[in-house]
>>> print(open('my_file-v2.cif').read())   # mmCIF, C-alpha atoms and all ligand atoms
data_start
loop_
_atom_site.label_atom_id
_atom_site.label_comp_id
_atom_site.auth_asym_id
_atom_site.auth_seq_id
_atom_site.Cartn_x
_atom_site.Cartn_y
_atom_site.Cartn_z
CA MET A 1 0.00 0.00 0.00
CA ASN A 2 1.28 3.48 -0.83
CA LYS A 3 2.17 5.40 2.38
CA ASN A 4 0.31 8.48 1.13
CA SER A 5 -2.98 6.63 0.75
CA LEU A 6 -5.86 7.80 2.95
CA LEU A 7 -8.18 4.99 3.96
CA THR A 8 -9.33 5.81 7.49
CA MET A 9 -8.81 8.73 9.87
CA LYS A 10 -6.58 6.40 11.90
CA ASP A 11 -4.02 6.67 9.05
CA LEU A 12 -3.50 10.29 10.10
CA SER A 13 -1.68 11.54 13.20
CA VAL A 14 -2.97 14.72 14.83
CA ASP A 15 -0.13 16.57 13.06
CA ASP A 16 -1.16 15.09 9.70
CA ILE A 17 -4.76 16.22 10.30
CA LEU A 18 -3.66 19.75 11.23
CA ASN A 19 -1.37 19.91 8.17
CA ILE A 20 -4.25 18.91 5.86
CA LEU A 21 -6.53 21.53 7.44
CA ASN A 22 -3.78 24.14 7.15
CA ASP A 23 -3.27 23.27 3.47
CA ALA A 24 -7.03 23.43 2.87
CA ARG A 25 -7.16 26.89 4.47
CA ALA A 26 -4.11 27.93 2.44
CA PHE A 27 -5.97 26.87 -0.74
CA TYR A 28 -8.68 29.36 0.25
CA ILE A 29 -6.48 32.18 1.50
CA SER A 30 -3.27 32.39 -0.48
CA THR A 31 -2.62 29.50 -2.86
CA LYS A 32 -5.88 29.36 -4.83
CA ASP A 33 -4.08 28.72 -8.12
CA TRP A 34 -1.41 26.33 -6.81
CA GLN A 35 -1.06 23.25 -9.03
CA LEU A 36 0.68 19.90 -8.78
CA PRO A 37 4.23 20.09 -10.18
CA MET A 38 3.65 16.94 -12.32
CA ARG A 39 1.77 17.64 -15.55
CA LYS A 40 -1.74 16.23 -15.89
CA ALA A 41 -1.50 13.53 -13.21
CA LEU A 42 -4.15 10.93 -14.04
CA VAL A 43 -6.65 10.31 -11.24
CA ALA A 44 -9.37 7.67 -11.66
CA ASN A 45 -12.56 8.26 -9.68
CA LEU A 46 -14.03 4.80 -9.06
CA PHE A 47 -17.51 5.20 -7.61
CA PHE A 48 -19.36 1.93 -6.99
CA GLU A 49 -22.08 3.79 -5.04
CA PRO A 50 -23.99 6.93 -6.03
CA SER A 51 -22.49 10.25 -4.95
CA THR A 52 -22.91 13.91 -5.78
CA ARG A 53 -20.77 15.89 -3.29
CA THR A 54 -17.80 13.55 -2.89
CA HIS A 55 -17.55 12.55 -6.55
CA TYR A 56 -17.85 16.00 -8.07
CA SER A 57 -15.85 17.84 -5.40
CA PHE A 58 -12.99 15.39 -6.00
CA GLU A 59 -13.34 16.11 -9.71
CA SER A 60 -13.33 19.86 -9.08
CA ALA A 61 -10.28 19.52 -6.79
CA GLU A 62 -8.46 17.43 -9.42
CA TYR A 63 -9.10 20.00 -12.20
CA GLN A 64 -8.07 22.88 -9.93
CA LEU A 65 -4.79 21.10 -9.15
CA GLY A 66 -4.04 20.60 -12.86
CA ALA A 67 -4.64 16.84 -12.66
CA GLN A 68 -6.68 14.92 -15.21
CA PRO A 69 -9.76 13.30 -13.62
CA VAL A 70 -11.19 10.22 -15.26
CA ASP A 71 -14.59 8.86 -14.35
CA PHE A 72 -15.31 5.18 -14.12
CA THR A 73 -18.75 3.71 -14.47
CA ALA A 74 -19.00 0.26 -12.88
CA ASP A 75 -21.86 -0.91 -15.13
CA GLN A 76 -19.85 -0.03 -18.27
CA SER A 77 -16.71 -1.76 -17.00
CA SER A 78 -15.38 -5.32 -16.84
CA ILE A 79 -16.78 -5.56 -13.30
CA THR A 80 -19.96 -6.69 -15.13
CA LYS A 81 -17.92 -9.62 -16.53
CA GLY A 82 -16.87 -10.73 -13.04
CA GLU A 83 -13.61 -8.83 -12.63
CA SER A 84 -12.66 -8.28 -8.97
CA LEU A 85 -12.09 -4.88 -7.34
CA TYR A 86 -8.39 -5.76 -6.93
CA ASP A 87 -7.97 -6.57 -10.64
CA THR A 88 -9.84 -3.41 -11.61
CA VAL A 89 -7.60 -1.16 -9.48
CA LYS A 90 -4.47 -3.09 -10.53
CA THR A 91 -5.49 -2.44 -14.16
CA PHE A 92 -5.66 1.33 -13.53
CA GLU A 93 -2.18 1.13 -11.99
CA ALA A 94 -0.86 -0.91 -14.94
CA ILE A 95 -2.21 1.46 -17.59
CA GLY A 96 -0.55 4.52 -16.10
CA TYR A 97 -2.91 6.09 -13.59
CA ASP A 98 -1.20 7.99 -10.78
CA ALA A 99 -3.88 7.71 -8.06
CA VAL A 100 -7.38 6.33 -7.49
CA VAL A 101 -10.32 7.64 -5.47
CA ILE A 102 -12.70 4.83 -4.47
CA ARG A 103 -16.20 4.69 -3.01
CA HIS A 104 -17.51 1.20 -2.41
CA PRO A 105 -20.48 -0.29 -0.48
CA GLN A 106 -18.32 -2.97 1.17
CA ASP A 107 -16.92 -2.13 4.64
CA GLU A 108 -13.10 -1.84 4.46
CA TYR A 109 -12.96 -2.91 0.77
CA PHE A 110 -9.38 -1.57 0.84
CA THR A 111 -8.07 -4.58 2.80
CA GLU A 112 -8.14 -6.36 -0.62
CA LEU A 113 -5.90 -3.68 -2.11
CA GLU A 114 -2.77 -4.06 0.06
CA ASP A 115 -0.58 -4.78 -3.00
CA ILE A 116 -1.57 -1.69 -4.96
CA GLN A 117 1.33 0.77 -5.14
CA ILE A 118 -0.37 3.96 -6.35
CA PRO A 119 -2.10 6.11 -3.67
CA ILE A 120 -5.70 5.18 -2.86
CA ILE A 121 -8.06 7.75 -1.38
CA ASN A 122 -11.13 6.31 0.31
CA ALA A 123 -14.27 8.22 -0.69
CA GLY A 124 -16.45 6.09 1.65
CA ASP A 125 -16.60 2.36 2.46
CA GLY A 126 -19.96 0.90 3.48
CA LYS A 127 -20.70 1.96 7.04
CA GLY A 128 -16.97 1.99 7.86
CA ASN A 129 -15.14 5.23 7.08
CA HIS A 130 -15.45 8.51 5.20
CA PRO A 131 -12.17 10.29 5.93
CA THR A 132 -12.50 13.21 3.51
CA GLN A 133 -16.02 13.95 4.81
CA CYS A 134 -14.56 13.93 8.32
CA LEU A 135 -11.78 16.34 7.27
CA LEU A 136 -14.24 18.76 5.70
CA ASP A 137 -16.34 18.58 8.87
CA LEU A 138 -13.22 19.33 10.92
CA LEU A 139 -12.40 22.29 8.67
CA THR A 140 -15.95 23.64 9.11
CA ILE A 141 -15.72 23.31 12.91
CA TYR A 142 -12.25 24.88 12.97
CA ASN A 143 -13.41 27.80 10.83
CA GLU A 144 -16.21 28.42 13.29
CA PHE A 145 -14.46 27.98 16.63
CA GLY A 146 -10.71 28.21 15.86
CA LYS A 147 -10.08 25.05 17.94
CA PHE A 148 -11.33 21.51 18.69
CA ASP A 149 -10.37 21.21 22.33
CA GLY A 150 -13.49 21.34 24.49
CA ILE A 151 -15.94 21.58 21.54
CA LYS A 152 -19.16 19.66 22.21
CA VAL A 153 -20.62 17.76 19.27
CA LEU A 154 -24.02 16.04 19.24
CA ILE A 155 -24.45 13.60 16.32
CA CYS A 156 -28.11 12.65 15.79
CA GLY A 157 -29.99 10.07 13.72
CA ASP A 158 -29.04 6.84 12.01
CA VAL A 159 -25.73 6.34 13.80
CA ALA A 160 -25.69 2.56 13.27
CA HIS A 161 -25.27 2.76 9.49
CA SER A 162 -23.21 5.94 9.27
CA ARG A 163 -19.55 5.99 8.22
CA VAL A 164 -19.57 9.74 8.89
CA ALA A 165 -20.45 9.15 12.56
CA ALA A 166 -17.64 6.59 12.88
CA SER A 167 -14.91 8.73 11.27
CA ASN A 168 -15.96 11.89 13.11
CA ARG A 169 -16.07 10.24 16.51
CA GLU A 170 -12.58 8.82 16.12
CA ALA A 171 -10.98 12.08 14.94
CA LEU A 172 -12.90 14.58 17.06
CA GLU A 173 -12.17 12.73 20.31
CA ARG A 174 -8.48 12.55 19.42
CA LEU A 175 -8.50 16.32 18.84
CA GLY A 176 -10.01 16.99 22.28
CA ALA A 177 -13.70 17.43 21.42
CA THR A 178 -16.52 15.64 23.29
CA VAL A 179 -18.89 13.67 21.09
CA ARG A 180 -22.33 12.40 22.12
CA PHE A 181 -24.92 10.59 20.02
CA ALA A 182 -28.72 10.60 19.90
CA GLY A 183 -31.34 8.78 17.84
CA PRO A 184 -33.64 5.79 17.75
CA LYS A 185 -32.68 3.06 20.22
CA GLU A 186 -32.47 0.44 17.45
CA TRP A 187 -29.85 2.53 15.62
CA GLU A 188 -27.50 2.86 18.59
CA ARG A 189 -23.94 1.66 17.97
CA GLU A 190 -22.13 -0.46 20.49
CA GLY A 191 -19.68 1.46 22.65
CA TYR A 192 -20.94 4.88 21.55
CA PRO A 193 -22.14 7.33 24.27
CA PHE A 194 -25.88 7.71 23.56
CA VAL A 195 -27.92 10.49 25.23
CA ASP A 196 -31.38 12.02 25.02
CA MET A 197 -31.51 14.57 22.19
CA ASP A 198 -33.88 16.93 24.05
CA GLU A 199 -31.69 16.98 27.15
CA ASN A 200 -28.54 17.65 25.10
CA ILE A 201 -29.63 20.07 22.38
CA GLY A 202 -28.67 23.04 24.59
CA TRP A 203 -25.32 21.40 25.50
CA ALA A 204 -23.95 21.17 21.98
CA ASP A 205 -21.75 23.63 20.09
CA VAL A 206 -22.34 21.53 16.96
CA VAL A 207 -25.53 19.63 16.16
CA MET A 208 -24.79 17.20 13.33
CA LEU A 209 -27.76 15.47 11.68
CA LEU A 210 -27.53 12.19 9.81
CA ARG A 211 -29.75 10.88 7.03
CA ILE A 212 -31.53 7.54 7.34
CA GLN A 213 -29.20 5.24 5.32
CA ARG A 214 -31.90 3.25 3.53
CA GLU A 215 -29.36 1.92 1.03
CA ARG A 216 -27.71 0.08 3.93
CA GLY A 217 -30.99 -1.50 5.03
CA ALA A 218 -32.00 1.03 7.71
CA THR A 219 -35.66 0.66 8.65
CA LEU A 220 -37.43 1.73 11.81
CA SER A 221 -39.89 -0.72 13.36
CA GLU A 222 -42.07 2.13 14.74
CA GLY A 223 -42.27 3.73 11.23
CA GLU A 224 -40.96 7.11 10.13
CA GLU A 225 -44.13 9.25 10.02
CA ASP A 226 -43.18 11.31 13.10
CA TYR A 227 -39.40 10.98 12.69
CA LEU A 228 -38.75 14.75 12.59
CA ASN A 229 -40.46 15.40 15.92
CA GLN A 230 -39.16 12.23 17.54
CA TYR A 231 -35.51 12.32 16.47
CA GLY A 232 -34.89 15.22 14.07
CA LEU A 233 -34.08 18.92 14.29
CA ASN A 234 -37.45 20.66 14.35
CA LYS A 235 -38.00 24.37 15.04
CA GLU A 236 -38.67 23.83 18.73
CA ARG A 237 -35.28 22.14 19.21
CA TYR A 238 -33.58 24.74 16.99
CA ASN A 239 -34.83 27.46 19.34
CA ARG A 240 -33.21 25.69 22.27
CA MET A 241 -29.74 25.53 20.63
CA GLN A 242 -27.07 27.83 22.08
CA ASP A 243 -26.71 31.21 20.33
CA HIS A 244 -23.27 30.34 18.96
CA ALA A 245 -24.13 26.71 18.06
CA ILE A 246 -24.12 25.53 14.45
CA ILE A 247 -25.96 22.87 12.43
CA MET A 248 -24.03 20.43 10.25
CA HIS A 249 -25.14 17.58 7.98
CA PRO A 250 -22.97 15.56 5.57
CA ALA A 251 -25.88 15.59 3.04
CA PRO A 252 -27.71 14.56 0.96
CA VAL A 253 -30.43 16.00 3.18
CA ASN A 254 -33.90 14.50 3.34
CA ARG A 255 -35.72 17.76 4.06
CA GLY A 256 -38.54 17.33 6.57
CA VAL A 257 -37.23 13.96 7.80
CA GLU A 258 -34.06 14.47 9.90
CA ILE A 259 -34.26 18.28 9.66
CA ASP A 260 -37.07 20.78 9.11
CA SER A 261 -36.74 22.07 5.53
CA ASP A 262 -36.68 25.72 6.69
CA LEU A 263 -33.62 25.05 8.87
CA VAL A 264 -31.43 23.70 6.06
CA GLU A 265 -30.46 27.24 5.03
CA SER A 266 -31.05 28.90 8.41
CA GLU A 267 -28.58 31.26 10.10
CA LYS A 268 -27.05 28.44 12.13
CA SER A 269 -26.70 26.06 9.23
CA ARG A 270 -23.24 25.38 7.77
CA ILE A 271 -24.44 22.62 5.43
CA PHE A 272 -23.48 24.35 2.16
CA GLU A 273 -20.21 25.69 3.66
CA GLN A 274 -19.35 22.06 4.41
CA MET A 275 -19.70 21.27 0.70
CA SER A 276 -17.43 24.18 -0.32
CA ASN A 277 -14.90 23.10 2.29
CA GLY A 278 -14.98 19.62 0.72
CA VAL A 279 -13.17 20.88 -2.40
CA LEU A 280 -10.43 22.57 -0.32
CA VAL A 281 -9.87 19.51 1.84
CA ARG A 282 -9.80 17.16 -1.17
CA LYS A 283 -7.21 19.38 -2.85
CA ALA A 284 -5.10 19.07 0.31
CA VAL A 285 -5.58 15.29 0.47
CA LEU A 286 -4.62 14.89 -3.22
CA LYS A 287 -1.55 17.08 -2.71
CA ARG A 288 -0.51 14.83 0.19
CA ALA A 289 -1.26 11.70 -1.88
CA PHE A 290 1.31 12.86 -4.43
CA GLY A 291 3.92 13.05 -1.66
CA LEU A 292 4.17 16.86 -1.54
CA LYS A 293 5.13 18.59 1.70
CA PRO A 294 2.56 20.69 3.62
CA PHE A 295 2.55 24.46 3.03
CA GLU A 296 3.99 26.81 5.65
CA LYS A 297 1.77 27.14 8.72
CA LEU A 298 -0.81 29.92 8.41
CA THR A 299 -1.02 32.22 11.40
CA SER A 300 -4.61 33.37 10.87
CA GLN A 301 -7.36 31.39 12.58
CA GLU A 302 -10.15 33.65 11.36
CA PRO A 303 -13.26 32.08 9.81
CA PHE A 304 -13.21 32.43 6.05
CA GLU A 305 -15.89 35.11 5.96
CA LYS A 306 -13.91 37.30 8.38
CA LEU A 307 -10.60 37.01 6.55
CA ASP A 308 -9.20 40.12 4.95
CA LEU A 309 -8.24 38.63 1.61
CA LYS A 310 -7.39 42.05 0.19
CA ASP A 311 -4.25 42.10 2.34
CA GLU A 312 -3.21 38.66 1.07
CA LEU A 313 -3.91 39.58 -2.56
CA ASP A 314 -1.91 42.83 -2.21
CA LYS A 315 1.05 40.77 -0.90
CA LEU A 316 0.75 38.32 -3.83
CA HIS A 317 0.51 41.19 -6.34
CA LYS A 318 3.68 42.77 -4.87
CA LEU A 319 5.53 39.45 -5.14
CA GLU A 320 4.43 39.08 -8.77
CA GLN A 321 5.72 42.60 -9.56
CA GLU A 322 9.07 41.83 -7.90
CA LEU A 323 9.34 38.63 -9.92
CA GLU A 324 8.59 40.49 -13.17
CA ALA A 325 11.24 43.11 -12.31
CA GLU A 326 13.81 40.34 -11.62
CA LYS A 327 12.96 38.67 -14.95
CA GLU A 328 13.34 41.96 -16.81
CA LYS A 329 16.72 42.62 -15.15
CA ALA A 330 17.91 39.11 -16.04
CA GLY A 331 16.77 39.61 -19.66
CA LYS A 332 18.74 42.88 -19.99
CA LYS A 333 21.88 41.18 -18.61
CA VAL A 334 21.64 38.45 -21.25
CA LYS A 335 21.31 41.03 -24.08
CA THR A 336 24.45 42.97 -22.97
CA LEU A 337 26.68 39.87 -22.82
N1 LIG B 1 -21.68 13.52 2.04
C1 LIG B 1 -21.54 12.68 0.99
O1 LIG B 1 -20.70 11.75 1.01
O2 LIG B 1 -22.37 12.98 -0.04
P1 LIG B 1 -22.40 12.17 -1.44
O3 LIG B 1 -22.93 10.79 -1.13
O4 LIG B 1 -23.31 12.97 -2.33
O5 LIG B 1 -21.01 12.09 -1.94
#
>>> encode(input="my_file-v2.cif", output="structure tokens")
Amino acid sequence: MNKNSLLTMKDLSVDDILNILNDARAFYISTKDWQLPMRKALVANLFFEPSTRTHYSFESAEYQLGAQPVDFTADQSSITKGESLYDTVKTFEAIGYDAVVIRHPQDEYFTELEDIQIPIINAGDGKGNHPTQCLLDLLTIYNEFGKFDGIKVLICGDVAHSRVAASNREALERLGATVRFAGPKEWEREGYPFVDMDENIGWADVVMLLRIQRERGATLSEGEEDYLNQYGLNKERYNRMQDHAIIMHPAPVNRGVEIDSDLVESEKSRIFEQMSNGVLVRKAVLKRAFGLKPFEKLTSQEPFEKLDLKDELDKLHKLEQELEAEKEKAGKKVKTL
């Protein structure tokens, strides 16, 4: 396995996580147009499960980095003729691809791919892991609070089938946050600290809602008619959130099921910011996958909307002018020789 692969959050030390978040912030603040030094690196996006955000934000990140994304459609591939996942990925390696991004319904599908040498980035495995979703969630929390230590996160809904819940718990606790879970009893996950949503809605700095993962067989014996009022974020619970608290959701959102439709774009919601942050984080993860060192540490901890980008752009403009002047000087020297 390539050492720059990203399969689970456990692959990353706290320093690695902070470097990725720093690089993602740098992509917003000062290195928007930075590209991979290798020309047109080929990245295959192998999605064996439907996806909008992860698939197309990887594609956007790849284009922005000057890589060449290539989409793979399982039902148009030799998978339909019985080829294994290993042989499919090995084929991409053999025909010159530089990295693969994989989403697959099987938990920990990547254990079959130990012998692959190109970097693999996990875009979600069954109910196991979703590391890039976790990183974009971390970036969203960091942008809001400037830290993780002491942040209280309440994750609500279908915890049992959620890879987002699993990845976020592991990383957030390691970074010093406290994570509690709420939802239907039959979707509790062994070893996870479950609490009553109503008693904890005013405790949380972050309320993270999860969709019912029907594609993984989630059904509720009591039915889902009153799900919003029983287990979701309705307006009454919203009004009891702390003033500074935010709403997050990995999406896709089922409006009116786990969250009242009017709250999806409410003042406290960061759901669409999460999606924008996904492109920044995936650029950082791809940069790392190609073995490139992290950028210099940024000093600013300001949320994106409070950043004074004019200052940064002025600095960049000045550097560009200096570079042009140097080039001109060098040109004159050559002519006089
Ligand atoms: N959050 C997430 O993984 O969304 P997609 O399934 O649309 O990629």
>>> residues_near_ligand(input="my_file-v2.cif", ligand="ligand LIG 1 (chain B)", cutoff="12 Å", atoms="only C-alpha atoms and all ligand atoms", output="ChimeraX atom specification")
/A:47-59,102-105,122-127,129-137,162-165,209-211,213,215,248-253,271-272,274-279
>>> closest_residue(input="my_file-v2.cif", among="A:Val100, A:Ile95, A:Met208, A:Ala67", to="Ile259 of chain A", atoms="all atoms listed in the file")
A:Met208
>>> residues_around(input="my_file-v2.cif", residues="Arg174 of chain A", least_positions_apart="2", cutoff="12 Å", atoms="all atoms listed in the file", output="PyMOL selection string")
chain A and resi 9-10+12-15+17-18+138+148-151+167-172+176-179
>>> closest_residue(input="my_file-v2.cif", among="A:Asp198, A:Ala218, A:Phe92, A:Leu292", to="Asp71 of chain A", atoms="all atoms listed in the file")
A:Phe92
>>> residues_around(input="my_file-v2.cif", residues="segment 22-36 of chain A", least_positions_apart="5", cutoff="9 Å", atoms="all atoms listed in the file", output="JSON, numbers by chain")
{"A": [17, 41, 64, 65, 66, 67, 139, 143, 277, 279, 280, 281, 282, 283, 284, 285, 287, 290, 292, 294, 295, 296, 297, 298, 304, 307, 309, 312, 313, 316]}
>>> residues_around(input="my_file-v2.cif", residues="segment 110-112 of chain A", least_positions_apart="5", cutoff="8 Å", atoms="only C-alpha atoms", output="PyMOL selection string")
chain A and resi 7+85-86
>>> write_last_selection(input="my_file-v2.cif", atoms="C-alpha atoms", output="short mmCIF file (atom, residue, chain, number, x, y, z; two decimals), in the frame of the given file")
data_model
loop_
_atom_site.label_atom_id
_atom_site.label_comp_id
_atom_site.auth_asym_id
_atom_site.auth_seq_id
_atom_site.Cartn_x
_atom_site.Cartn_y
_atom_site.Cartn_z
CA LEU A 7 -8.18 4.99 3.96
CA LEU A 85 -12.09 -4.88 -7.34
CA TYR A 86 -8.39 -5.76 -6.93
#
>>> closest_residue(input="my_file-v2.cif", among="A:Glu186, A:Asp98, A:Asp308, A:Glu173", to="Lys40 of chain A", atoms="only C-alpha atoms")
A:Asp98
>>> atom_distance(input="my_file-v2.cif", atom1="atom CA of Glu267 of chain A", atom2="atom CA of His244 of chain A")
10.4 Å
>>> residues_around(input="my_file-v2.cif", residues="Val207 of chain A", least_positions_apart="5", cutoff="9 Å", atoms="only C-alpha atoms", output="MDAnalysis selection string")
chainID A and resid 152:156 201 233 241 245:249
>>> atom_distance(input="my_file-v2.cif", atom1="atom CA of Lys235 of chain A", atom2="atom CA of Asn200 of chain A")
15.4 Å
>>> closest_residue(input="my_file-v2.cif", among="A:Arg189, A:Met38, A:Val206, A:Pro184", to="Ser221 of chain A", atoms="only C-alpha atoms")
A:Pro184
>>> closest_residue(input="my_file-v2.cif", among="A:Val195, A:Ile118, A:Ala99, A:Leu286", to="Ser60 of chain A", atoms="all atoms listed in the file")
A:Leu286
>>> atom_distance(input="my_file-v2.cif", atom1="atom CA of Gln242 of chain A", atom2="atom CA of Ala204 of chain A")
7.4 Å
>>> residues_around(input="my_file-v2.cif", residues="Glu188 of chain A", least_positions_apart="5", cutoff="8 Å", atoms="all atoms listed in the file", output="list in words")
Asp158, Val159, Ala160, Ala182, Gly183 and Phe194 of chain A
>>> closest_residue(input="my_file-v2.cif", among="A:Gly96, A:Leu46, A:Leu21, A:Asn234", to="Val264 of chain A", atoms="all atoms listed in the file")
A:Asn234
